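A short worksheet on the structure shown next.
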Amino acid sequence: MSETSRDVSALFASGRLVAIPRRTARREQLLNHLAETLFEPGRDYSEREVNDAIATVHDDTAALRRYLVDAGLLARSPDGTVYRRVTAP
């Protein structure tokens with residue numbers, strides 16, 4: 001298990017995210033973890049699929065989806081119907 005995975009695991013209880021961190025650095029760690037564990041690279045997701053994946057760890061799917069997009073970890077199509085995990089080149 002990587003150091004980041006251990007650090008992020010402290011944010012979870014029984015597989016559920018306890019709270020979305022307010023500190024930017026901590027939230028970035030969480031978002032990277034979620035992007036890597038919930039979304040496959042190269043696969044398109046509908047908004048419902050993104051929400052369903054996020055709902056497995058936290059009820060505030062809209063906030064986490066928005067944070068993932070704002071952080072550049074998920075890209076949204078211009079019409080907003082398709083999401084895709086962004087990977088480093």
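Identifiers for the structure tokens are assigned positionally: chains receive A, B, ... in sequence, residues are indexed from 1 per chain, and ligands are indexed from 1 in the order shown.
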Checklist line | Contact residues around Ala53 (chain A) with only C-alpha atoms at 8 Å, ignoring same-chain residues under 3 positions, as a ChimeraX atom specification | finding: /A:38-39,49-50,56-57
| task | Find the residues around Glu40 (chain A) up to 10 Å (only C-alpha atoms counted), leave out those fewer than 5 positions away in its own chain, and share them as a VMD selection string. | result | chain A and resid 35 45 84 to 87
Expected file: the selected residues, N, CA and C atoms, as a PDB file, in the first residue's frame:
```
ATOM      1  N   ALA A  35     -10.345   9.071  -8.073  1.00  0.00           N
ATOM      2  CA  ALA A  35     -10.211   8.942  -9.528  1.00  0.00           C
ATOM      3  C   ALA A  35      -9.551   7.608  -9.887  1.00  0.00           C
ATOM      4  N   TYR A  45     -18.096   7.534 -19.170  1.00  0.00           N
ATOM      5  CA  TYR A  45     -19.102   7.334 -18.127  1.00  0.00           C
ATOM      6  C   TYR A  45     -20.222   8.343 -18.317  1.00  0.00           C
ATOM      7  N   ARG A  84     -14.938  11.313 -18.516  1.00  0.00           N
ATOM      8  CA  ARG A  84     -13.827  10.397 -18.750  1.00  0.00           C
ATOM      9  C   ARG A  84     -12.699  10.750 -17.781  1.00  0.00           C
ATOM     10  N   ARG A  85     -12.085   9.716 -17.227  1.00  0.00           N
ATOM     11  CA  ARG A  85     -10.953   9.943 -16.317  1.00  0.00           C
ATOM     12  C   ARG A  85      -9.781  10.490 -17.115  1.00  0.00           C
ATOM     13  N   VAL A  86      -9.165  11.527 -16.604  1.00  0.00           N
ATOM     14  CA  VAL A  86      -8.001  12.136 -17.235  1.00  0.00           C
ATOM     15  C   VAL A  86      -6.759  11.494 -16.637  1.00  0.00           C
ATOM     16  N   THR A  87      -5.865  11.063 -17.494  1.00  0.00           N
ATOM     17  CA  THR A  87      -4.608  10.471 -17.030  1.00  0.00           C
ATOM     18  C   THR A  87      -3.448  11.330 -17.504  1.00  0.00           C
TER      19      THR A  87
END
```
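The residues of region 14-77 of chain A that DSSP classifies as strand (DSSP E or B), using the backbone of this structure, are Arg16, Leu17, Pro41, Asp44, Tyr45, Ser46, Leu74, Ala75 and Arg76 of chain A.
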Those same residues, written as an mmCIF file, in the first residue's frame with C-alpha atoms?
```
data_model
loop_
_atom_site.group_PDB
_atom_site.id
_atom_site.type_symbol
_atom_site.label_atom_id
_atom_site.label_comp_id
_atom_site.auth_asym_id
_atom_site.auth_seq_id
_atom_site.Cartn_x
_atom_site.Cartn_y
_atom_site.Cartn_z
ATOM 1 C CA ARG A 16 -17.357 5.142 3.435
ATOM 2 C CA LEU A 17 -15.850 8.604 3.277
ATOM 3 C CA PRO A 41 -8.807 5.247 -17.822
ATOM 4 C CA ASP A 44 -16.642 6.929 -20.998
ATOM 5 C CA TYR A 45 -19.102 7.334 -18.127
ATOM 6 C CA SER A 46 -22.565 8.842 -18.082
ATOM 7 C CA LEU A 74 -12.465 13.840 -14.755
ATOM 8 C CA ALA A 75 -13.181 15.562 -18.058
ATOM 9 C CA ARG A 76 -16.726 16.387 -19.046
#
```
With only C-alpha atoms as the counted atoms, please give the residues lying no more than 12 Å from Gly15 (chain A), apart from itself and same-chain residues fewer than 5 positions off, as a VMD selection string. chain A and resid 8 to 10 54 to 58
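From CA of Asp7 (chain A) back to CA of Leu30 (chain A), the distance works out to 9.1 Å.
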Calculated over only C-alpha atoms, which of the candidates A:Ala63, A:Ala88, A:Leu31, A:Leu68 has the smallest distance to Leu11 (chain A)?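 The closest residue to Leu11 (chain A) is A:Leu31.
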message: For the structure I just gave you, how does DSSP split chain A - specifically, which residues are helix (DSSP H, G or I)? Reply as a ChimeraX atom specification.
response: /A:3-9,24-38,47-55,61-70
